[in-house]
Amino acid sequence: MSTISRKRKDCIGKDRAEEARARYHMRHIPFNKPSFTGHELHYICKAVLSGKISGDGIYTEKCSRFLEKKFNAPRVLLTNSGTAALELASILIDLKEGDEVIAPSYTFPSTINAFMLRGAKPVFVDIHPDTMNIDVSLVASRITRKTRAIYPVHYAGISCDMGTIQELAKKHDLAVVEDAAQGVNSKYKNEYLGTIGTFGCYSFHETKNVMAGEGGALVINDTRFTARAEIIREKGTDRSKHFRGEVDKYTWQEIGSSYLPSDVLAAFLFAQLEAIDEITRKRKKIYDTYFDSLRFLEKEGKAKLPFVPVDCVPNFHMFYLVLQSENARDELMKDLSTHGITSVFHFIPLHTSPMGRKLGWKDGDLPVTESMSARLLRLPFYNDMLEEEQVYVIEKIRDFFR
Ligand SMILES: *Cc1c(COP(=O)(O)O)cnc(C)c1O
């Protein structure tokens with residue numbers, strides 16, 4: 001590492017620790033705070049000095065190879081966002097007007113927008129209260145002649161029951177697009193999330209464990225899709241082939257868009273990816289502390305804590321409580337905020353959102369989704385969360401229930 005980058009690292013590290021300590025004394029605990037490994041600026045400099053900062057430069061290559069090797073993924077293409085990865089997957093499976101896609105309503109709009117942009121219709125399925133993931137026991141009854149795909153969402157980085165989903169998909173010849181936006185570096189039965197379905201979609205948004213501000217990746221598990229994916233990602237042209245010297249000029253091949261990030265962004269991301277296991281370790285410690293300190297709430301029937309099924313190794317993306325009522329959830333949130341602690345609820349069920357209503361869905365259609373989402377509260381959680389910050393949060397939660 002050069003002197004400059006070492007200085008920058010010290011500078012970033014020191015500033016941030018001091019800032020965090022000051023915040024603690026001011027009793028201000030944010031919900032999320034991006035953290036840096038210290039190598040980001042160094043790699044960005046190197047990308048700039050390489051003279052080529054458009055897409056698919058040296059750092060894009062480094063990130064893709066890193067992810068392929070680490071997750072044992074056949075092919076990984078970096079994208080601008082998790083949203084872009086979902087859209088790319090939806091183009092690849094050739095969805096058309098009138099097709100149906102099975103997905104949870106308890107998710108981010110991007111999961112659904114991606115296939116609705118192709119003209120497909122969402123068939124929302126309720127979630128299981130243990131994991132907040134799609135309830136696989138309800139999926140079979142929603143499969144019709146029009147069903148083309150399932151889009152499972154791995155909430156909080158805890159895997160859906162991929163065994164059952166893959167079985168159903170095989171039986172009915174459906175594509176599986178894993179929304180693994182929150183599940184980077186999580187596993188299901190020794191396979192990394194994103195590498196199990198037809199495609200996996202990762203997000204490197206600032207709020208995720210490993211981030212680049214904005215960013216994402218598409219994991220291609222069926223390599224028959226690779227050549228077309230490269231074309232769609234590059235405005236519908238075979239420019240990727242041209243770069244590799246496989247064709248002497250590049251031309252328009254089919255519909256596509258621009259889904260590739262600048263190499264400056266990839267340089268930032270690479271600095272984060274290199275630290276992925278360290279980040280997961282840090283987050284496990286925070287998760288375990290919350291879990292051990294708050295499990296009494298579950299014993300006393302006051303709140304439900306996250307549950308990790310036996311087949312899952314999570315990435316500790318978040319920690320949440322599910323209170324007994326919406327009112328109790330709102331009270332706790334308000335109480336914590338008077339102590340300077342920001343806690344937040346999460347997805348508003350899509351079927352009860354304005355767009356969901358336009359599609360004909362109404363309150364009561366998915367009772368578990370509605371009940372759980374109204375009672376869920378996410379606690380402050382970031383890679384560099386200080387021990388004293390977490391102790392303070394836990395103390396205030398204990399006080400509230402006393
Ligand atoms: C974050 C997230 C997305 C969107 O990812 P972006 O990178 O912000 O586009 C999609 N689905 C889920 C479940 C997410 O949590």
# chains A, B, ... in the order shown; residues from 1 in each chain; ligands from 1
$ residues_near_ligand --ligand "ligand 1" --cutoff "6 Å" --atoms "only C-alpha atoms and all ligand atoms" --output "list in words"
Ser81, Gly82, Thr83, Thr107, Phe108, Ser110, Thr111, Val153, Asp179, Ala181, Gln182, Ser203, Phe204, His205, Glu214, Gly215 and Gly216 of chain A
$ write_last_selection --atoms "all heavy atoms" --output "compact mmCIF listing (two decimals), in the first residue's frame"
# COMPACT_ATOMS: atom_id res chain seq x y z
N SER A 81 -27.01 -2.04 -10.25
CA SER A 81 -27.80 -2.16 -9.03
C SER A 81 -28.40 -3.56 -8.95
O SER A 81 -28.37 -4.32 -9.94
CB SER A 81 -28.94 -1.13 -9.05
OG SER A 81 -29.80 -1.40 -10.16
N GLY A 82 -28.97 -3.87 -7.80
CA GLY A 82 -29.73 -5.11 -7.67
C GLY A 82 -30.94 -5.06 -8.58
O GLY A 82 -31.33 -6.07 -9.19
N THR A 83 -31.53 -3.89 -8.66
CA THR A 83 -32.68 -3.68 -9.55
C THR A 83 -32.33 -4.05 -10.99
O THR A 83 -33.07 -4.76 -11.67
CB THR A 83 -33.12 -2.20 -9.48
OG1 THR A 83 -33.44 -1.89 -8.12
CG2 THR A 83 -34.32 -1.92 -10.37
N THR A 107 -41.63 -7.54 0.02
CA THR A 107 -40.33 -7.32 -0.62
C THR A 107 -40.23 -5.88 -1.08
O THR A 107 -41.16 -5.08 -0.91
CB THR A 107 -40.11 -8.28 -1.80
OG1 THR A 107 -38.78 -8.09 -2.34
CG2 THR A 107 -41.12 -8.06 -2.93
N PHE A 108 -39.09 -5.56 -1.67
CA PHE A 108 -38.84 -4.24 -2.24
C PHE A 108 -39.50 -4.18 -3.63
O PHE A 108 -39.52 -5.19 -4.33
CB PHE A 108 -37.32 -4.04 -2.33
CG PHE A 108 -36.90 -2.64 -2.58
CD1 PHE A 108 -37.09 -1.66 -1.63
CD2 PHE A 108 -36.30 -2.29 -3.79
CE1 PHE A 108 -36.70 -0.36 -1.87
CE2 PHE A 108 -35.91 -0.98 -4.03
CZ PHE A 108 -36.11 -0.02 -3.07
N SER A 110 -38.60 -3.39 -6.48
CA SER A 110 -37.75 -3.82 -7.61
C SER A 110 -37.99 -5.27 -8.02
O SER A 110 -37.92 -5.60 -9.21
CB SER A 110 -36.27 -3.66 -7.26
OG SER A 110 -35.95 -2.31 -7.12
N THR A 111 -38.24 -6.14 -7.03
CA THR A 111 -38.45 -7.57 -7.33
C THR A 111 -39.60 -7.71 -8.34
O THR A 111 -39.53 -8.50 -9.28
CB THR A 111 -38.84 -8.34 -6.05
OG1 THR A 111 -38.06 -7.86 -4.96
CG2 THR A 111 -38.66 -9.84 -6.22
N VAL A 153 -37.42 -14.30 -2.41
CA VAL A 153 -36.61 -13.22 -1.82
C VAL A 153 -36.05 -13.73 -0.49
O VAL A 153 -36.80 -14.17 0.38
CB VAL A 153 -37.49 -11.97 -1.55
CG1 VAL A 153 -36.68 -10.87 -0.87
CG2 VAL A 153 -38.11 -11.47 -2.85
N ASP A 179 -33.96 -13.35 -5.59
CA ASP A 179 -33.63 -12.00 -5.16
C ASP A 179 -32.76 -12.16 -3.92
O ASP A 179 -33.26 -12.29 -2.79
CB ASP A 179 -34.89 -11.19 -4.86
CG ASP A 179 -34.56 -9.75 -4.46
OD1 ASP A 179 -33.42 -9.51 -4.01
OD2 ASP A 179 -35.43 -8.87 -4.59
N ALA A 181 -30.60 -9.95 -2.98
CA ALA A 181 -30.09 -8.60 -2.74
C ALA A 181 -29.53 -8.48 -1.33
O ALA A 181 -28.49 -7.86 -1.09
CB ALA A 181 -31.19 -7.57 -2.97
N GLN A 182 -30.23 -9.10 -0.37
CA GLN A 182 -29.79 -9.04 1.03
C GLN A 182 -28.96 -10.26 1.43
O GLN A 182 -28.51 -10.36 2.56
CB GLN A 182 -31.02 -8.97 1.95
CG GLN A 182 -31.89 -7.75 1.70
CD GLN A 182 -33.12 -7.72 2.58
OE1 GLN A 182 -33.24 -8.48 3.55
NE2 GLN A 182 -34.06 -6.85 2.26
N SER A 203 -27.32 -7.16 -4.51
CA SER A 203 -27.28 -5.71 -4.44
C SER A 203 -26.08 -5.27 -3.61
O SER A 203 -25.76 -5.88 -2.59
CB SER A 203 -28.55 -5.16 -3.77
OG SER A 203 -28.38 -3.78 -3.47
N PHE A 204 -25.41 -4.22 -4.08
CA PHE A 204 -24.32 -3.61 -3.31
C PHE A 204 -24.71 -2.17 -2.96
O PHE A 204 -23.87 -1.27 -2.94
CB PHE A 204 -23.01 -3.67 -4.11
CG PHE A 204 -22.62 -5.08 -4.48
CD1 PHE A 204 -22.55 -5.47 -5.81
CD2 PHE A 204 -22.35 -6.03 -3.50
CE1 PHE A 204 -22.22 -6.77 -6.16
CE2 PHE A 204 -22.02 -7.34 -3.84
CZ PHE A 204 -21.96 -7.71 -5.17
N HIS A 205 -25.99 -1.96 -2.72
CA HIS A 205 -26.47 -0.65 -2.29
C HIS A 205 -25.85 -0.33 -0.92
O HIS A 205 -25.51 -1.22 -0.14
CB HIS A 205 -28.01 -0.66 -2.18
CG HIS A 205 -28.57 0.67 -1.84
ND1 HIS A 205 -28.92 1.03 -0.55
CD2 HIS A 205 -28.81 1.75 -2.63
CE1 HIS A 205 -29.36 2.28 -0.57
NE2 HIS A 205 -29.31 2.73 -1.81
N GLU A 214 -24.11 2.41 -4.87
CA GLU A 214 -25.06 1.71 -5.73
C GLU A 214 -24.27 0.58 -6.40
O GLU A 214 -23.09 0.71 -6.64
CB GLU A 214 -25.63 2.63 -6.81
CG GLU A 214 -26.34 3.88 -6.31
CD GLU A 214 -27.74 3.63 -5.78
OE1 GLU A 214 -28.28 2.52 -5.99
OE2 GLU A 214 -28.29 4.55 -5.14
N GLY A 215 -24.94 -0.49 -6.75
CA GLY A 215 -24.26 -1.57 -7.46
C GLY A 215 -24.99 -2.88 -7.30
O GLY A 215 -25.86 -3.01 -6.43
N GLY A 216 -24.66 -3.83 -8.14
CA GLY A 216 -25.30 -5.14 -8.05
C GLY A 216 -24.58 -6.13 -8.93
O GLY A 216 -23.55 -5.81 -9.54
$ residues_around --residues "Ile279 in chain A" --least-positions-apart "3" --cutoff "10 Å" --atoms "only C-alpha atoms" --output "list in words"
Ser35, Thr37, Asn209, Val210, Gln272, Leu273, Glu274, Ala275, Ile276, Lys282, Arg283, Lys284, Asn315, Phe316, Tyr382, Asn383 and Asp384 of chain A
$ residues_around --residues "Asp130 in chain A" --least-positions-apart "5" --cutoff "12 Å" --atoms "only C-alpha atoms" --output "short mmCIF file (atom, residue, chain, number, x, y, z; two decimals) with all heavy atoms, in the first residue's frame"
data_model
loop_
_atom_site.label_atom_id
_atom_site.label_comp_id
_atom_site.auth_asym_id
_atom_site.auth_seq_id
_atom_site.Cartn_x
_atom_site.Cartn_y
_atom_site.Cartn_z
N ASP A 135 -43.86 -18.55 1.84
CA ASP A 135 -44.30 -19.80 2.46
C ASP A 135 -44.44 -20.84 1.35
O ASP A 135 -45.41 -20.82 0.59
CB ASP A 135 -45.64 -19.57 3.18
CG ASP A 135 -46.10 -20.80 3.94
OD1 ASP A 135 -45.62 -21.92 3.64
OD2 ASP A 135 -46.96 -20.64 4.84
N TYR A 155 -35.10 -12.92 2.67
CA TYR A 155 -35.22 -11.77 3.58
C TYR A 155 -34.16 -11.83 4.69
O TYR A 155 -33.92 -12.88 5.28
CB TYR A 155 -36.62 -11.73 4.21
CG TYR A 155 -36.85 -10.48 5.03
CD1 TYR A 155 -36.93 -9.24 4.41
CD2 TYR A 155 -36.97 -10.53 6.41
CE1 TYR A 155 -37.11 -8.08 5.15
CE2 TYR A 155 -37.17 -9.38 7.16
CZ TYR A 155 -37.24 -8.16 6.51
OH TYR A 155 -37.43 -7.01 7.24
N ILE A 158 -31.47 -14.56 5.12
CA ILE A 158 -31.78 -15.94 5.55
C ILE A 158 -32.51 -16.62 4.39
O ILE A 158 -33.49 -16.09 3.86
CB ILE A 158 -32.62 -15.93 6.84
CG1 ILE A 158 -31.75 -15.38 7.98
CG2 ILE A 158 -33.14 -17.33 7.17
CD1 ILE A 158 -32.51 -15.03 9.24
N SER A 159 -32.02 -17.77 4.01
CA SER A 159 -32.49 -18.43 2.79
C SER A 159 -33.95 -18.86 2.85
O SER A 159 -34.44 -19.30 3.89
CB SER A 159 -31.62 -19.66 2.51
OG SER A 159 -32.07 -20.32 1.36
N CYS A 160 -34.61 -18.76 1.71
CA CYS A 160 -35.92 -19.40 1.52
C CYS A 160 -35.69 -20.91 1.50
O CYS A 160 -34.56 -21.37 1.38
CB CYS A 160 -36.51 -18.98 0.17
SG CYS A 160 -36.87 -17.23 0.03
N ASP A 161 -36.76 -21.67 1.56
CA ASP A 161 -36.67 -23.13 1.42
C ASP A 161 -36.41 -23.45 -0.05
O ASP A 161 -37.32 -23.72 -0.82
CB ASP A 161 -37.98 -23.77 1.91
CG ASP A 161 -37.98 -25.28 1.73
OD1 ASP A 161 -37.03 -25.81 1.11
OD2 ASP A 161 -38.93 -25.92 2.21
N LYS A 304 -40.83 -11.54 19.10
CA LYS A 304 -40.22 -12.66 18.40
C LYS A 304 -38.90 -12.19 17.80
O LYS A 304 -38.81 -11.07 17.28
CB LYS A 304 -41.18 -13.13 17.31
CG LYS A 304 -40.72 -14.34 16.54
CD LYS A 304 -41.53 -14.47 15.25
CE LYS A 304 -40.79 -15.22 14.15
NZ LYS A 304 -39.41 -14.93 13.94
N LEU A 305 -37.88 -13.03 17.89
CA LEU A 305 -36.56 -12.70 17.34
C LEU A 305 -36.38 -13.42 16.00
O LEU A 305 -37.11 -14.37 15.70
CB LEU A 305 -35.47 -13.15 18.32
CG LEU A 305 -35.03 -12.15 19.42
CD1 LEU A 305 -36.17 -11.48 20.12
CD2 LEU A 305 -34.11 -12.84 20.43
N PRO A 306 -35.38 -13.02 15.18
CA PRO A 306 -35.17 -13.72 13.91
C PRO A 306 -34.88 -15.21 14.15
O PRO A 306 -34.29 -15.57 15.17
CB PRO A 306 -33.94 -13.03 13.31
CG PRO A 306 -33.86 -11.72 13.99
CD PRO A 306 -34.43 -11.91 15.35
N PHE A 307 -35.29 -16.03 13.20
CA PHE A 307 -35.10 -17.47 13.31
C PHE A 307 -34.30 -17.96 12.10
O PHE A 307 -34.59 -17.61 10.97
CB PHE A 307 -36.47 -18.15 13.35
CG PHE A 307 -36.39 -19.66 13.24
CD1 PHE A 307 -36.01 -20.43 14.33
CD2 PHE A 307 -36.71 -20.29 12.04
CE1 PHE A 307 -35.94 -21.82 14.23
CE2 PHE A 307 -36.63 -21.69 11.93
CZ PHE A 307 -36.25 -22.44 13.02
N VAL A 308 -33.26 -18.74 12.38
CA VAL A 308 -32.43 -19.26 11.30
C VAL A 308 -32.66 -20.77 11.17
O VAL A 308 -32.27 -21.53 12.06
CB VAL A 308 -30.93 -18.99 11.58
CG1 VAL A 308 -30.07 -19.52 10.43
CG2 VAL A 308 -30.68 -17.49 11.77
N PRO A 309 -33.32 -21.23 10.10
CA PRO A 309 -33.55 -22.67 9.92
C PRO A 309 -32.23 -23.44 9.84
O PRO A 309 -31.19 -22.86 9.47
CB PRO A 309 -34.30 -22.76 8.59
CG PRO A 309 -34.86 -21.39 8.36
CD PRO A 309 -33.89 -20.44 8.99
N LEU A 321 -37.06 -7.21 15.67
CA LEU A 321 -37.99 -7.74 16.66
C LEU A 321 -39.38 -7.71 16.03
O LEU A 321 -39.69 -6.78 15.29
CB LEU A 321 -38.02 -6.85 17.91
CG LEU A 321 -36.73 -6.68 18.70
CD1 LEU A 321 -36.94 -5.66 19.82
CD2 LEU A 321 -36.26 -8.01 19.28
N VAL A 322 -40.19 -8.72 16.31
CA VAL A 322 -41.60 -8.65 15.92
C VAL A 322 -42.40 -8.56 17.21
O VAL A 322 -42.44 -9.50 18.01
CB VAL A 322 -42.04 -9.86 15.07
CG1 VAL A 322 -43.51 -9.71 14.68
CG2 VAL A 322 -41.18 -9.98 13.82
N VAL A 368 -50.62 -13.17 6.92
CA VAL A 368 -49.35 -13.25 7.67
C VAL A 368 -48.45 -12.08 7.29
O VAL A 368 -47.87 -11.41 8.16
CB VAL A 368 -48.64 -14.61 7.41
CG1 VAL A 368 -47.35 -14.69 8.22
CG2 VAL A 368 -49.56 -15.78 7.74
N THR A 369 -48.37 -11.79 6.00
CA THR A 369 -47.57 -10.65 5.53
C THR A 369 -48.03 -9.36 6.21
O THR A 369 -47.21 -8.57 6.71
CB THR A 369 -47.73 -10.50 3.99
OG1 THR A 369 -47.24 -11.69 3.37
CG2 THR A 369 -46.97 -9.29 3.47
N MET A 372 -47.34 -9.53 10.22
CA MET A 372 -45.92 -9.50 10.60
C MET A 372 -45.28 -8.16 10.25
O MET A 372 -44.53 -7.59 11.05
CB MET A 372 -45.14 -10.62 9.88
CG MET A 372 -45.55 -12.03 10.25
SD MET A 372 -45.21 -12.48 11.96
CE MET A 372 -43.43 -12.64 11.94
#
$ atom_distance --atom1 "CA of Pro104 in chain A" --atom2 "CA of Leu92 in chain A"
20.9 Å
$ atom_distance --atom1 "CA of Ile93 in chain A" --atom2 "CA of Ser353 in chain A"
26.9 Å
$ residues_around --residues "Ser337 in chain A" --least-positions-apart "6" --cutoff "10 Å" --atoms "only C-alpha atoms" --output "JSON, numbers by chain"
{"A": [28, 29, 30, 331, 343]}
$ residues_around --residues "Thr251 in chain A" --least-positions-apart "3" --cutoff "12 Å" --atoms "only C-alpha atoms" --output "PyMOL selection string"
chain A and resi 231+234-242+247-248+254-255
$ select_by_dssp --residues "range 70-139 of chain A" --states "alpha helix (DSSP H)" --output "PDB file with C-alpha atoms, in the first residue's frame"
ATOM      1  CA  LYS A  70     -15.780 -17.380  -3.689  1.00  0.00           C
ATOM      2  CA  PHE A  71     -19.368 -18.448  -4.364  1.00  0.00           C
ATOM      3  CA  GLY A  82     -29.728  -5.108  -7.666  1.00  0.00           C
ATOM      4  CA  THR A  83     -32.680  -3.685  -9.545  1.00  0.00           C
ATOM      5  CA  ALA A  84     -30.731  -3.849 -12.832  1.00  0.00           C
ATOM      6  CA  ALA A  85     -29.772  -7.481 -12.139  1.00  0.00           C
ATOM      7  CA  LEU A  86     -33.448  -8.358 -11.588  1.00  0.00           C
ATOM      8  CA  GLU A  87     -34.430  -6.603 -14.814  1.00  0.00           C
ATOM      9  CA  LEU A  88     -31.681  -8.324 -16.781  1.00  0.00           C
ATOM     10  CA  ALA A  89     -32.826 -11.724 -15.476  1.00  0.00           C
ATOM     11  CA  SER A  90     -36.422 -10.893 -16.391  1.00  0.00           C
ATOM     12  CA  ILE A  91     -35.449 -10.074 -19.990  1.00  0.00           C
ATOM     13  CA  LEU A  92     -33.397 -13.279 -20.213  1.00  0.00           C
ATOM     14  CA  PRO A 109     -40.735  -2.981  -5.349  1.00  0.00           C
ATOM     15  CA  SER A 110     -37.751  -3.824  -7.609  1.00  0.00           C
ATOM     16  CA  THR A 111     -38.452  -7.567  -7.334  1.00  0.00           C
ATOM     17  CA  ILE A 112     -41.881  -7.079  -8.896  1.00  0.00           C
ATOM     18  CA  ASN A 113     -41.144  -4.112 -11.221  1.00  0.00           C
ATOM     19  CA  ALA A 114     -38.493  -6.222 -12.950  1.00  0.00           C
ATOM     20  CA  PHE A 115     -40.969  -8.724 -14.391  1.00  0.00           C
ATOM     21  CA  MET A 116     -43.923  -6.323 -14.642  1.00  0.00           C
TER      22      MET A 116
END
$ closest_residue --among "A:Met318, A:Arg402, A:Leu41, A:Asp263" --to "Glu300 in chain A" --atoms "only C-alpha atoms"
A:Arg402
$ residues_around --residues "Phe296 in chain A" --least-positions-apart "4" --cutoff "12 Å" --atoms "only C-alpha atoms" --output "PyMOL selection string"
chain A and resi 290-292+300-305+394+397-398+401-402
$ atom_distance --atom1 "CA of Val76 in chain A" --atom2 "CA of Cys45 in chain A"
24.3 Å
$ closest_residue --among "A:Lys285, A:His317, A:Arg148, A:His351" --to "Leu386 in chain A" --atoms "only C-alpha atoms"
A:Lys285
$ residues_around --residues "range 193-196 of chain A" --least-positions-apart "6" --cutoff "8 Å" --atoms "only C-alpha atoms" --output "list of chain:residue names"
A:Phe71, A:Asn72, A:Ala73, A:Ser159, A:Met162, A:Glu178, A:Asp179, A:Ala180, A:Gly183, A:Val184, A:Asn185, A:Ser186, A:Lys187, A:Tyr202, A:Val219, A:Ile220, A:Asn221
